[in-house]
file upload_27.txt (compact mmCIF, C-alpha atoms and all ligand atoms)
# COMPACT_ATOMS: atom_id res chain seq x y z
CA MET P 1 -21.06 6.93 6.86
CA GLY P 2 -24.63 7.54 5.94
CA ALA P 3 -26.07 4.37 4.52
CA GLY P 4 -22.69 2.71 4.45
CA PRO P 5 -22.37 -0.65 6.13
CA GLY P 6 -21.59 0.24 9.70
CA THR P 7 -21.19 -3.30 10.90
CA HIS P 8 -17.74 -3.68 9.53
CA ALA P 9 -14.87 -3.20 11.86
CA HIS P 10 -12.81 -0.21 10.92
CA ASP P 11 -9.78 -2.35 10.63
CA GLY P 12 -6.89 -0.42 9.30
CA ILE P 13 -4.87 -1.56 6.40
CA ALA P 14 -1.91 -3.45 7.61
CA ALA P 15 -0.18 -4.79 4.56
CA GLY P 16 0.01 -8.55 4.65
CA ASP P 17 -2.20 -8.83 7.68
CA GLY P 18 -5.34 -10.52 6.44
CA ALA P 19 -5.09 -8.70 3.12
CA VAL P 20 -7.18 -10.37 0.47
CA ILE P 21 -5.54 -8.34 -2.26
CA GLU P 22 -2.04 -7.04 -1.85
CA THR P 23 0.13 -5.38 -4.44
CA ARG P 24 3.70 -4.16 -4.16
CA GLY P 25 5.13 -1.64 -6.56
CA LEU P 26 2.64 -2.78 -9.17
CA THR P 27 3.35 -1.02 -12.44
CA LYS P 28 2.02 -1.27 -15.98
CA ARG P 29 3.48 0.62 -18.86
CA TYR P 30 1.75 0.14 -22.19
CA ARG P 31 3.97 0.59 -25.20
CA GLY P 32 5.42 4.03 -25.36
CA GLY P 33 3.38 6.00 -22.86
CA ARG P 34 3.73 7.00 -19.25
CA PRO P 35 2.77 4.24 -16.80
CA ALA P 36 -0.97 3.49 -16.75
CA VAL P 37 -0.37 2.15 -13.23
CA ASP P 38 2.59 3.45 -11.31
CA ARG P 39 4.15 1.65 -8.30
CA LEU P 40 0.84 0.75 -6.71
CA ASP P 41 0.83 -0.61 -3.14
CA LEU P 42 -2.68 -1.76 -2.39
CA ALA P 43 -3.89 -3.66 0.67
CA VAL P 44 -7.49 -4.82 0.73
CA PRO P 45 -8.52 -6.18 4.15
CA ALA P 46 -10.69 -9.28 4.41
CA GLY P 47 -14.35 -8.45 4.94
CA SER P 48 -14.12 -4.97 3.48
CA VAL P 49 -16.13 -3.44 0.70
CA PHE P 50 -13.22 -1.74 -0.94
CA GLY P 51 -13.86 1.08 -3.34
CA PHE P 52 -11.24 1.70 -6.01
CA LEU P 53 -11.96 5.29 -6.90
CA GLY P 54 -10.59 7.32 -9.73
CA PRO P 55 -11.61 9.28 -12.79
CA ASN P 56 -11.76 7.60 -16.17
CA GLY P 57 -8.32 6.67 -17.39
CA SER P 58 -6.72 6.66 -13.92
CA GLY P 59 -5.66 3.03 -14.24
CA LYS P 60 -8.41 1.12 -12.47
CA THR P 61 -9.16 -1.41 -15.19
CA THR P 62 -5.49 -1.96 -15.87
CA THR P 63 -4.96 -2.68 -12.18
CA ILE P 64 -7.89 -5.10 -12.05
CA ARG P 65 -6.58 -6.96 -15.08
CA MET P 66 -3.24 -7.40 -13.36
CA LEU P 67 -4.91 -8.52 -10.12
CA LEU P 68 -6.67 -11.29 -11.98
CA GLY P 69 -3.64 -12.29 -14.01
CA LEU P 70 -5.22 -11.21 -17.30
CA ILE P 71 -2.25 -9.02 -18.21
CA ALA P 72 1.30 -9.13 -16.94
CA PRO P 73 2.68 -6.27 -14.87
CA THR P 74 5.70 -4.39 -16.14
CA ALA P 75 7.00 -4.45 -12.57
CA GLY P 76 5.85 -5.29 -9.08
CA SER P 77 3.81 -8.11 -7.62
CA VAL P 78 0.26 -9.17 -6.79
CA ARG P 79 -0.98 -11.48 -4.05
CA LEU P 80 -4.56 -12.62 -4.23
CA LEU P 81 -6.02 -14.43 -1.20
CA GLY P 82 -2.48 -14.61 0.08
CA ARG P 83 -1.08 -16.37 -3.00
CA PRO P 84 1.15 -14.93 -5.71
CA MET P 85 -0.47 -14.09 -9.04
CA PRO P 86 -0.48 -15.10 -11.79
CA GLY P 87 1.36 -18.23 -10.57
CA ALA P 88 -1.36 -19.39 -8.18
CA GLY P 89 -4.20 -18.47 -10.52
CA ARG P 90 -5.49 -22.00 -10.88
CA ALA P 91 -5.87 -22.43 -7.15
CA VAL P 92 -7.06 -18.94 -6.34
CA LEU P 93 -9.32 -17.83 -9.18
CA PRO P 94 -12.15 -20.32 -8.47
CA GLU P 95 -12.60 -18.45 -5.18
CA VAL P 96 -12.75 -15.10 -6.94
CA GLY P 97 -15.81 -13.90 -8.81
CA ALA P 98 -15.08 -11.20 -11.35
CA LEU P 99 -17.03 -8.83 -13.50
CA ILE P 100 -14.90 -6.75 -15.83
CA GLU P 101 -15.96 -4.48 -18.63
CA GLY P 102 -19.36 -5.99 -19.14
CA PRO P 103 -19.89 -9.70 -19.37
CA ALA P 104 -19.37 -11.62 -22.58
CA LEU P 105 -22.83 -12.89 -23.45
CA TYR P 106 -24.29 -14.98 -26.19
CA GLY P 107 -27.26 -12.98 -27.39
CA TYR P 108 -29.00 -15.96 -28.97
CA LEU P 109 -28.98 -17.90 -25.70
CA SER P 110 -31.32 -17.27 -22.80
CA GLY P 111 -29.94 -15.83 -19.58
CA ARG P 112 -30.20 -19.26 -18.00
CA ASP P 113 -28.44 -21.00 -20.90
CA ASN P 114 -25.68 -18.40 -20.83
CA LEU P 115 -25.00 -19.27 -17.21
CA LEU P 116 -25.22 -23.04 -17.84
CA ARG P 117 -22.74 -22.65 -20.66
CA TYR P 118 -20.45 -20.45 -18.58
CA ASP P 119 -20.49 -22.91 -15.70
CA SER P 120 -19.82 -25.87 -18.02
CA ALA P 121 -16.67 -24.14 -19.19
CA ASP P 122 -15.38 -24.16 -15.60
CA PRO P 123 -13.62 -27.48 -15.02
CA THR P 124 -13.77 -27.00 -11.27
CA ALA P 125 -17.58 -26.56 -11.19
CA ASP P 126 -19.69 -29.52 -10.12
CA PRO P 127 -22.05 -30.50 -12.99
CA ARG P 128 -24.44 -32.27 -10.59
CA THR P 129 -25.36 -29.04 -8.85
CA ARG P 130 -25.20 -26.88 -11.98
CA THR P 131 -28.91 -26.41 -12.62
CA ALA P 132 -29.61 -25.57 -9.01
CA ARG P 133 -26.67 -23.16 -8.75
CA VAL P 134 -27.67 -21.37 -11.93
CA ALA P 135 -31.23 -21.01 -10.67
CA ALA P 136 -30.00 -19.68 -7.34
CA ALA P 137 -27.68 -17.16 -9.00
CA LEU P 138 -30.46 -15.91 -11.28
CA ASP P 139 -32.75 -15.59 -8.32
CA ARG P 140 -30.11 -13.73 -6.37
CA VAL P 141 -29.78 -10.99 -8.96
CA GLY P 142 -33.52 -10.80 -9.59
CA LEU P 143 -33.40 -12.32 -13.04
CA ALA P 144 -35.43 -15.47 -12.36
CA PRO P 145 -38.53 -14.14 -14.14
CA ALA P 146 -36.46 -13.31 -17.25
CA ALA P 147 -34.29 -16.44 -17.15
CA GLY P 148 -35.81 -17.89 -20.32
CA LYS P 149 -35.52 -14.71 -22.36
CA LYS P 150 -32.77 -14.37 -24.94
CA ALA P 151 -29.89 -12.29 -23.61
CA ARG P 152 -29.98 -9.96 -26.61
CA ALA P 153 -33.40 -8.80 -25.43
CA TYR P 154 -31.99 -7.89 -22.01
CA SER P 155 -31.57 -4.28 -21.00
CA LEU P 156 -28.09 -3.10 -20.06
CA GLY P 157 -28.99 -3.45 -16.38
CA MET P 158 -30.18 -7.01 -16.92
CA LYS P 159 -26.99 -7.86 -18.78
CA GLN P 160 -24.98 -6.43 -15.94
CA ARG P 161 -26.97 -8.49 -13.45
CA LEU P 162 -26.45 -11.59 -15.56
CA GLY P 163 -22.73 -10.88 -15.43
CA LEU P 164 -22.95 -10.63 -11.66
CA ALA P 165 -24.90 -13.88 -11.56
CA SER P 166 -22.03 -15.56 -13.40
CA ALA P 167 -19.71 -14.35 -10.66
CA LEU P 168 -22.08 -15.82 -8.07
CA LEU P 169 -22.38 -19.36 -9.40
CA ARG P 170 -20.48 -20.57 -6.39
CA PRO P 171 -19.58 -19.08 -3.03
CA ARG P 172 -16.69 -16.68 -3.43
CA ARG P 173 -14.27 -15.26 -0.93
CA LEU P 174 -13.66 -12.25 -3.12
CA LEU P 175 -15.65 -10.42 -5.75
CA VAL P 176 -13.86 -8.04 -8.12
CA LEU P 177 -16.27 -5.75 -9.91
CA ASP P 178 -15.10 -3.22 -12.46
CA GLU P 179 -17.54 -0.30 -12.57
CA PRO P 180 -20.51 -2.58 -11.81
CA THR P 181 -23.08 0.19 -12.10
CA ASN P 182 -21.67 1.82 -15.22
CA GLY P 183 -24.39 2.71 -17.69
CA LEU P 184 -27.23 1.70 -15.38
CA ASP P 185 -30.24 3.83 -14.58
CA PRO P 186 -30.72 4.91 -10.93
CA GLN P 187 -32.97 1.95 -10.17
CA GLY P 188 -30.44 -0.47 -11.68
CA MET P 189 -27.67 1.19 -9.63
CA ARG P 190 -29.67 0.83 -6.45
CA GLU P 191 -30.23 -2.87 -7.12
CA ILE P 192 -26.57 -3.59 -7.73
CA ARG P 193 -25.53 -1.60 -4.64
CA ALA P 194 -28.06 -3.43 -2.48
CA LEU P 195 -26.70 -6.71 -3.77
CA VAL P 196 -23.13 -5.68 -2.99
CA ARG P 197 -24.14 -4.81 0.58
CA GLU P 198 -25.91 -8.13 0.93
CA LEU P 199 -22.92 -10.10 -0.30
CA ALA P 200 -20.62 -8.17 2.00
CA ALA P 201 -22.90 -8.84 4.95
CA GLU P 202 -22.48 -12.54 4.20
CA GLY P 203 -18.73 -12.17 4.52
CA THR P 204 -17.58 -11.84 0.92
CA THR P 205 -14.87 -9.25 0.43
CA VAL P 206 -15.89 -6.97 -2.42
CA PHE P 207 -13.43 -4.91 -4.43
CA LEU P 208 -15.23 -2.55 -6.77
CA SER P 209 -13.97 0.19 -9.00
CA SER P 210 -15.97 3.31 -9.55
CA HIS P 211 -15.62 6.87 -10.75
CA LEU P 212 -18.62 7.83 -8.61
CA LEU P 213 -17.82 9.30 -5.23
CA ASP P 214 -21.31 8.95 -3.88
CA GLU P 215 -21.36 5.30 -4.86
CA ILE P 216 -18.20 4.65 -2.86
CA GLU P 217 -19.64 6.58 0.05
CA GLN P 218 -22.86 4.59 -0.04
CA VAL P 219 -21.50 1.07 -0.23
CA CYS P 220 -17.84 0.99 0.76
CA THR P 221 -16.07 0.61 4.07
CA HIS P 222 -12.67 1.34 2.54
CA VAL P 223 -11.39 3.34 -0.36
CA ALA P 224 -8.26 3.80 -2.41
CA VAL P 225 -8.00 6.91 -4.53
CA MET P 226 -6.24 6.86 -7.89
CA THR P 227 -5.33 9.66 -10.23
CA ARG P 228 -3.17 9.26 -13.31
CA GLY P 229 -1.96 5.81 -12.37
CA ARG P 230 -0.85 6.80 -8.89
CA LEU P 231 -2.42 5.86 -5.59
CA ILE P 232 -3.02 8.98 -3.53
CA THR P 233 -4.34 7.42 -0.39
CA GLN P 234 -6.13 4.40 1.00
CA GLY P 235 -7.91 3.79 4.24
CA THR P 236 -11.39 3.55 5.64
CA VAL P 237 -13.97 5.89 4.20
CA ALA P 238 -14.38 7.37 7.69
CA GLU P 239 -10.65 8.03 7.99
CA LEU P 240 -10.49 9.69 4.64
CA ALA P 241 -13.39 11.97 5.46
CA ALA P 242 -12.01 12.64 8.95
CA GLY P 243 -8.77 13.87 7.48
CA ALA P 244 -10.57 16.63 5.63
CA ARG P 245 -11.73 19.72 7.43
CA GLY P 246 -15.16 19.48 8.95
CA ARG P 247 -17.61 22.36 9.12
CA LEU P 248 -18.67 23.69 12.43
CA ALA P 249 -22.16 25.08 12.98
CA VAL P 250 -23.17 27.08 16.05
CA THR P 251 -26.68 28.36 16.68
CA THR P 252 -26.66 31.41 18.92
CA PRO P 253 -28.40 34.77 19.37
CA ASP P 254 -24.92 36.29 19.89
CA THR P 255 -23.61 35.82 16.37
CA GLY P 256 -21.19 38.75 16.33
CA GLU P 257 -19.32 37.63 19.41
CA ALA P 258 -19.40 34.01 18.24
CA VAL P 259 -17.73 35.00 14.96
CA ARG P 260 -15.02 36.86 16.85
CA VAL P 261 -14.32 33.94 19.20
CA LEU P 262 -14.31 31.29 16.49
CA ALA P 263 -12.09 33.30 14.17
CA GLY P 264 -9.75 33.87 17.10
CA HIS P 265 -9.46 30.12 17.52
CA GLY P 266 -8.46 29.39 13.96
CA VAL P 267 -11.87 28.70 12.45
CA THR P 268 -11.80 29.94 8.85
CA ASP P 269 -14.38 30.81 6.24
CA VAL P 270 -16.78 31.95 8.97
CA SER P 271 -20.23 32.98 7.82
CA VAL P 272 -23.50 33.95 9.47
CA ALA P 273 -27.00 33.06 8.32
CA GLY P 274 -29.72 34.12 10.73
CA ASP P 275 -28.75 32.78 14.14
CA ARG P 276 -26.39 30.24 12.66
CA VAL P 277 -22.65 30.73 12.50
CA SER P 278 -20.62 28.26 10.49
CA GLY P 279 -17.02 27.89 9.56
CA ARG P 280 -14.25 25.51 8.66
CA LEU P 281 -12.53 23.67 11.47
CA PRO P 282 -8.79 23.85 11.51
CA THR P 283 -7.40 20.33 11.35
CA GLY P 284 -4.15 18.84 10.29
CA ASP P 285 -3.56 18.28 6.61
CA MET P 286 -4.92 15.13 5.05
CA ALA P 287 -3.96 12.13 7.07
CA ALA P 288 -1.89 10.61 4.36
CA THR P 289 -0.18 11.49 1.20
CA GLU P 290 1.44 8.15 0.70
CA ALA P 291 -0.23 4.80 0.28
CA GLY P 292 -0.93 2.91 3.43
CA THR P 293 -0.39 5.62 5.97
CA ALA P 294 -4.03 6.68 6.15
CA ALA P 295 -4.57 3.76 8.48
CA THR P 296 -2.44 5.43 11.12
CA THR P 297 -5.30 7.68 12.08
CA GLY P 298 -7.38 6.41 14.94
CA ALA P 299 -11.08 5.78 14.89
CA ALA P 300 -12.85 8.97 14.06
CA ASP P 301 -16.48 9.75 14.46
CA THR P 302 -17.78 11.80 11.60
CA GLU P 303 -21.36 10.57 11.76
CA GLY P 304 -24.22 12.96 12.09
CA THR P 305 -23.89 16.59 12.93
CA THR P 306 -23.28 16.37 16.63
CA GLY P 307 -20.31 14.04 16.74
CA THR P 308 -16.93 15.34 17.64
CA ALA P 309 -14.67 16.10 14.76
CA GLY P 310 -12.22 13.47 13.71
CA THR P 311 -9.31 14.60 15.73
CA ALA P 312 -7.62 11.30 15.29
CA ASP P 313 -4.13 10.76 16.54
CA GLY P 314 -1.71 11.25 13.77
CA ALA P 315 -4.09 13.27 11.64
CA GLY P 316 -1.76 16.19 11.94
CA ALA P 317 1.34 14.13 11.35
CA ALA P 318 1.66 15.38 7.82
CA GLY P 319 2.23 18.85 9.14
CA GLY P 320 0.14 21.91 8.45
CA ALA P 321 -2.28 23.61 10.82
CA ALA P 322 -2.79 22.12 14.26
CA SER P 323 -6.15 20.55 14.86
CA VAL P 324 -8.59 22.02 17.36
CA ASP P 325 -10.90 20.04 19.59
CA PRO P 326 -14.45 21.30 19.02
CA ALA P 327 -15.06 20.88 22.76
CA ASP P 328 -12.47 23.60 23.39
CA LEU P 329 -14.19 25.88 20.90
CA ASN P 330 -17.48 25.37 22.68
CA ALA P 331 -15.85 26.13 26.03
CA ALA P 332 -14.29 29.30 24.59
CA LEU P 333 -17.67 30.46 23.30
CA VAL P 334 -19.27 29.91 26.67
CA ARG P 335 -16.37 31.63 28.47
CA ALA P 336 -16.86 34.65 26.25
CA GLY P 337 -20.52 34.81 27.24
CA VAL P 338 -21.87 33.50 23.94
CA ARG P 339 -25.18 31.77 24.52
CA VAL P 340 -25.01 28.52 22.54
CA ARG P 341 -28.30 26.95 21.49
CA ALA P 342 -26.77 24.24 19.33
CA PHE P 343 -23.27 23.22 18.48
CA GLY P 344 -22.30 20.62 15.93
CA VAL P 345 -19.74 19.42 13.48
CA GLU P 346 -21.10 18.47 10.09
CA ARG P 347 -19.88 15.31 8.57
CA VAL P 348 -17.41 15.67 5.77
CA SER P 349 -18.32 14.06 2.49
CA LEU P 350 -15.94 11.91 0.58
CA GLU P 351 -16.10 14.54 -2.12
CA ASP P 352 -14.75 17.15 0.29
CA ALA P 353 -12.02 14.74 1.27
CA PHE P 354 -11.15 14.02 -2.34
CA VAL P 355 -10.95 17.67 -3.21
CA ALA P 356 -8.83 18.33 -0.12
CA LEU P 357 -6.54 15.49 -1.12
CA THR P 358 -6.04 16.21 -4.77
CA GLY P 359 -6.83 19.87 -5.07
CA GLU P 360 -8.98 18.83 -8.00
CA GLY P 361 -12.68 18.76 -8.51
CA PHE P 362 -14.37 15.48 -9.11
CA ASP P 363 -17.11 14.84 -11.58
CA VAL P 364 -19.54 13.33 -9.10
CA ALA P 365 -22.26 12.99 -11.67
CA GLY P 366 -20.01 10.77 -13.75
N1 LIG P 401 -4.42 -1.82 -24.05
C1 LIG P 401 -3.95 -0.59 -23.86
N2 LIG P 401 -2.97 -0.09 -24.62
C2 LIG P 401 -2.49 1.17 -24.44
N3 LIG P 401 -2.93 2.00 -23.48
C3 LIG P 401 -3.92 1.56 -22.67
C4 LIG P 401 -4.48 0.26 -22.82
N4 LIG P 401 -5.45 0.10 -21.87
C5 LIG P 401 -5.48 1.27 -21.17
N5 LIG P 401 -4.56 2.14 -21.65
C6 LIG P 401 -4.30 3.49 -21.12
O1 LIG P 401 -3.94 3.36 -19.75
C7 LIG P 401 -4.51 4.40 -18.97
C8 LIG P 401 -5.36 3.80 -17.86
O2 LIG P 401 -6.50 3.16 -18.43
P1 LIG P 401 -7.51 2.26 -17.61
O3 LIG P 401 -8.52 1.72 -18.56
O4 LIG P 401 -6.77 1.31 -16.77
O5 LIG P 401 -8.18 3.35 -16.67
P2 LIG P 401 -9.55 3.29 -15.87
O6 LIG P 401 -9.32 4.03 -14.62
O7 LIG P 401 -10.03 1.91 -15.77
O8 LIG P 401 -10.49 4.13 -16.79
P3 LIG P 401 -11.84 3.71 -17.48
O9 LIG P 401 -12.85 3.79 -16.39
O10 LIG P 401 -12.00 4.77 -18.53
O11 LIG P 401 -11.62 2.33 -18.06
C9 LIG P 401 -5.28 5.27 -19.92
O12 LIG P 401 -4.46 6.35 -20.28
C10 LIG P 401 -5.52 4.37 -21.12
O13 LIG P 401 -5.61 5.12 -22.29
call {"tool": "encode", "arguments": {"input": "upload_27.txt", "output": "C-alpha cells", "more": "lines below"}}
Ligand SMILES: Nc1ncnc2c1ncn2[C@@H]1O[C@H](COP(=O)(O)OP(=O)(O)OP(=O)(O)O)[C@@H](O)[C@H]1O
result
Amino acid sequence: MGAGPGTHAHDGIAAGDGAVIETRGLTKRYRGGRPAVDRLDLAVPAGSVFGFLGPNGSGKTTTIRMLLGLIAPTAGSVRLLGRPMPGAGRAVLPEVGALIEGPALYGYLSGRDNLLRYDSADPTADPRTRTARVAAALDRVGLAPAAGKKARAYSLGMKQRLGLASALLRPRRLLVLDEPTNGLDPQGMREIRALVRELAAEGTTVFLSSHLLDEIEQVCTHVAVMTRGRLITQGTVAELAAGARGRLAVTTPDTGEAVRVLAGHGVTDVSVAGDRVSGRLPTGDMAATEAGTAATTGAADTEGTTGTAGTADGAGAAGGAASVDPADLNAALVRAGVRVRAFGVERVSLEDAFVALTGEGFDVAG
C-alpha cells in the first residue's frame, strides 16, 4: 500500500509454515493484575516486515520480552526461527538482532567504542573482523561521521541509530525492534524507516512494534493488532485494509439518479459534492475477529483509486452485510442511464480498518 514494500509476496500466515516467530497461547500475568498478554497466537512469516500495532500499554513490550526469552511466560510457548524459546536461546539469539526500550549505552565512550565493547561481550562474535564489522554497522546507520563522538553527546535519534547498529553487527535472519522510531523527529523517523525497508529488501525478517498506524502502513507488509493484551487480528496490511469498507466515488452529471441507484444497491453514507457522488461500499464484516483467520481472504487489490474493491473470498465469512462487486454497481448506473465520467474505489487506510475492527479511535499522532 502506498510506499509500502510491494515486492513481498502476500503470503498468508500459515502457522508453522515458514514462521520465523510463532507463539501459542502466550500469556503473561504480572503480579495481581489482569493479563498483560492474553493467549497470544502470533505467526510471523519469513521475509515479512511485520508490524506489531497497539496503543501504549497493550502488551507489545511484554510480548517482545517473552519472544527473546528475557522474561518467562505465565503460560503458552514461543518458537523463534523454528526453535523453542527460551531453551534454544543460545543457538537462536545470535541470529536475532534486537532493539528494545532504547539501547544501553556508555555515555563516556564514543559510539564506535560502545559497539566494540558490545561486540566483545558476545562470545560468538569473531574478534578478527570486529573493527571492520563495527565500521560497517556505523556506516549503515549513517553514524560514521560521528563515530568518535562520546555517546552522551548524541541526540536521541543518534542513540537510537547506535542501538540499531549494535543489532547489525552481524547478518541477522530476524530483527526485533521495539518502537524503533519512538521519540524521534520526522527526519529521524524517515531514516529509520528507510533502513528497515533496506534491511527487509536484503531478506531480513523485521518484526517491529509501533503505536503509529501510518508507520505500519508505510513500512510493513503484515500487521498484528493488539488491544489490552489481546490479539484482534493479523494478516497482510492489504488484507486488513480490504476487510474494511472502501469508499466509492462516481463522477457524473446525473448526480440525483446516481444517488438513487447507489443507495438502492446498498451503498451507504452517500454524499454529493459538485459532480462527484461518494459513498461507503457494502462489504462483509472485517475478515477476521480471531487470530490467524485474516489470512483466509484472497489477494485483494486496494491500491490506487481505480482498483476493484477487495471482494476477497471469505471476506464475508464473518457474517454481516453481503459484499457488492463495484463492477455491478457501475453496470447498474449505466443501465439506469447515468452517464459515468469516472468510477473508482478509494483505498482504505489502515486507520479505517483499525477503527472498523475495534470500534475505537486510534491516536495516529502518537
Ligand atoms: N514489570 C511489570 N510489572 C507489572 N506490570 C507491568 C510490567 N510491565 C508492564 N506491565 C503492565 O502490562 C501492561 C502491558 O505493558 P507493555 O509495556 O507490555 O505494553 P506496550 O504495548 O509495550 O506499551 P508501551 O508502548 O507503553 O510500552 C500494562 O498494563 C503495563 O502497565
call {"tool": "residues_near_ligand", "arguments": {"input": "upload_27.txt", "ligand": "ligand LIG 401 (chain P)", "cutoff": "9 Å", "atoms": "only C-alpha atoms and all ligand atoms", "output": "MDAnalysis selection string"}}
result
chainID P and resid 28:37 53:65 101 178:179 209:211 226:229
call {"tool": "residues_around", "arguments": {"input": "upload_27.txt", "residues": "Arg173 (chain P)", "least_positions_apart": "6", "cutoff": "10 Å", "atoms": "all atoms listed in the file", "output": "PyMOL selection string"}}
result
chain P and resi 20+46-47+81+92-97+200+203-206
call {"tool": "atom_distance", "arguments": {"input": "upload_27.txt", "atom1": "CA of Leu281 (chain P)", "atom2": "CA of Val334 (chain P)"}}
result
17.8 Å
call {"tool": "closest_residue", "arguments": {"input": "upload_27.txt", "among": "P:Glu351, P:Thr251, P:Pro180, P:Leu357", "to": "Val338 (chain P)", "atoms": "only C-alpha atoms"}}
result
P:Thr251
call {"tool": "residues_around", "arguments": {"input": "upload_27.txt", "residues": "Asn330 (chain P)", "least_positions_apart": "6", "cutoff": "9 Å", "atoms": "all atoms listed in the file", "output": "list in words"}}
result
Val250, Val340 and Phe343 of chain P
call {"tool": "write_last_selection", "arguments": {"input": "upload_27.txt", "atoms": "C-alpha atoms", "output": "PDB file, in the frame of the given file"}}
result
ATOM      1  CA  VAL P 250     -23.170  27.080  16.050  1.00  0.00           C
ATOM      2  CA  VAL P 340     -25.010  28.520  22.540  1.00  0.00           C
ATOM      3  CA  PHE P 343     -23.270  23.220  18.480  1.00  0.00           C
TER       4      PHE P 343
END
call {"tool": "closest_residue", "arguments": {"input": "upload_27.txt", "among": "P:Asp185, P:Ser110, P:Leu213, P:Ser349", "to": "Leu162 (chain P)", "atoms": "all atoms listed in the file"}}
result
P:Ser110
call {"tool": "atom_distance", "arguments": {"input": "upload_27.txt", "atom1": "CA of Thr233 (chain P)", "atom2": "CA of Val176 (chain P)"}}
result
19.7 Å
call {"tool": "atom_distance", "arguments": {"input": "upload_27.txt", "atom1": "CA of Thr181 (chain P)", "atom2": "CA of His222 (chain P)"}}
result
18.0 Å
call {"tool": "closest_residue", "arguments": {"input": "upload_27.txt", "among": "P:Arg193, P:Ala137, P:Arg172, P:Arg230", "to": "Glu217 (chain P)", "atoms": "only C-alpha atoms"}}
result
P:Arg193
call {"tool": "closest_residue", "arguments": {"input": "upload_27.txt", "among": "P:Val261, P:Arg170, P:Leu184, P:Leu195", "to": "Leu156 (chain P)", "atoms": "all atoms listed in the file"}}
result
P:Leu184
call {"tool": "residues_around", "arguments": {"input": "upload_27.txt", "residues": "Tyr108 (chain P)", "least_positions_apart": "4", "cutoff": "7 Å", "atoms": "only C-alpha atoms", "output": "VMD selection string"}}
result
chain P and resid 150 to 152
call {"tool": "closest_residue", "arguments": {"input": "upload_27.txt", "among": "P:Gly279, P:Gly82, P:Gly274, P:Gly188", "to": "Pro326 (chain P)", "atoms": "all atoms listed in the file"}}
result
P:Gly279
call {"tool": "residues_around", "arguments": {"input": "upload_27.txt", "residues": "Asp119 (chain P)", "least_positions_apart": "4", "cutoff": "10 Å", "atoms": "all atoms listed in the file", "output": "list in words"}}
result
Asp113, Asn114, Leu115, Pro123, Thr124, Ala125, Asp126, Pro127, Arg130, Thr131, Arg133, Val134, Ser166, Ala167, Leu169 and Arg170 of chain P
call {"tool": "write_last_selection", "arguments": {"input": "upload_27.txt", "atoms": "C-alpha atoms", "output": "PDB file, in the coordinates of the input"}}
result
ATOM      1  CA  ASP P 113     -28.440 -21.000 -20.900  1.00  0.00           C
ATOM      2  CA  ASN P 114     -25.680 -18.400 -20.830  1.00  0.00           C
ATOM      3  CA  LEU P 115     -25.000 -19.270 -17.210  1.00  0.00           C
ATOM      4  CA  PRO P 123     -13.620 -27.480 -15.020  1.00  0.00           C
ATOM      5  CA  THR P 124     -13.770 -27.000 -11.270  1.00  0.00           C
ATOM      6  CA  ALA P 125     -17.580 -26.560 -11.190  1.00  0.00           C
ATOM      7  CA  ASP P 126     -19.690 -29.520 -10.120  1.00  0.00           C
ATOM      8  CA  PRO P 127     -22.050 -30.500 -12.990  1.00  0.00           C
ATOM      9  CA  ARG P 130     -25.200 -26.880 -11.980  1.00  0.00           C
ATOM     10  CA  THR P 131     -28.910 -26.410 -12.620  1.00  0.00           C
ATOM     11  CA  ARG P 133     -26.670 -23.160  -8.750  1.00  0.00           C
ATOM     12  CA  VAL P 134     -27.670 -21.370 -11.930  1.00  0.00           C
ATOM     13  CA  SER P 166     -22.030 -15.560 -13.400  1.00  0.00           C
ATOM     14  CA  ALA P 167     -19.710 -14.350 -10.660  1.00  0.00           C
ATOM     15  CA  LEU P 169     -22.380 -19.360  -9.400  1.00  0.00           C
ATOM     16  CA  ARG P 170     -20.480 -20.570  -6.390  1.00  0.00           C
TER      17      ARG P 170
END
call {"tool": "residues_near_point", "arguments": {"input": "upload_27.txt", "point": "(-20.4, -1.7, 2.0)", "cutoff": "8 Å", "atoms": "only C-alpha atoms", "output": "PDB file with C-alpha atoms, in the frame of the given file"}}
result
ATOM      1  CA  GLY P   4     -22.690   2.710   4.450  1.00  0.00           C
ATOM      2  CA  PRO P   5     -22.370  -0.650   6.130  1.00  0.00           C
ATOM      3  CA  SER P  48     -14.120  -4.970   3.480  1.00  0.00           C
ATOM      4  CA  VAL P  49     -16.130  -3.440   0.700  1.00  0.00           C
ATOM      5  CA  PHE P  50     -13.220  -1.740  -0.940  1.00  0.00           C
ATOM      6  CA  VAL P 196     -23.130  -5.680  -2.990  1.00  0.00           C
ATOM      7  CA  ARG P 197     -24.140  -4.810   0.580  1.00  0.00           C
ATOM      8  CA  ALA P 200     -20.620  -8.170   2.000  1.00  0.00           C
ATOM      9  CA  GLN P 218     -22.860   4.590  -0.040  1.00  0.00           C
ATOM     10  CA  VAL P 219     -21.500   1.070  -0.230  1.00  0.00           C
ATOM     11  CA  CYS P 220     -17.840   0.990   0.760  1.00  0.00           C
ATOM     12  CA  THR P 221     -16.070   0.610   4.070  1.00  0.00           C
TER      13      THR P 221
END
call {"tool": "residues_around", "arguments": {"input": "upload_27.txt", "residues": "Ala72 (chain P)", "least_positions_apart": "3", "cutoff": "10 Å", "atoms": "only C-alpha atoms", "output": "PDB file with C-alpha atoms, in the coordinates of the input"}}
result
ATOM      1  CA  THR P  27       3.350  -1.020 -12.440  1.00  0.00           C
ATOM      2  CA  LYS P  28       2.020  -1.270 -15.980  1.00  0.00           C
ATOM      3  CA  THR P  62      -5.490  -1.960 -15.870  1.00  0.00           C
ATOM      4  CA  ARG P  65      -6.580  -6.960 -15.080  1.00  0.00           C
ATOM      5  CA  MET P  66      -3.240  -7.400 -13.360  1.00  0.00           C
ATOM      6  CA  LEU P  67      -4.910  -8.520 -10.120  1.00  0.00           C
ATOM      7  CA  LEU P  68      -6.670 -11.290 -11.980  1.00  0.00           C
ATOM      8  CA  GLY P  69      -3.640 -12.290 -14.010  1.00  0.00           C
ATOM      9  CA  ALA P  75       7.000  -4.450 -12.570  1.00  0.00           C
ATOM     10  CA  GLY P  76       5.850  -5.290  -9.080  1.00  0.00           C
ATOM     11  CA  SER P  77       3.810  -8.110  -7.620  1.00  0.00           C
ATOM     12  CA  MET P  85      -0.470 -14.090  -9.040  1.00  0.00           C
ATOM     13  CA  PRO P  86      -0.480 -15.100 -11.790  1.00  0.00           C
TER      14      PRO P  86
END
call {"tool": "closest_residue", "arguments": {"input": "upload_27.txt", "among": "P:Val223, P:Pro145, P:Arg335, P:Val345", "to": "Val277 (chain P)", "atoms": "only C-alpha atoms"}}
result
P:Val345
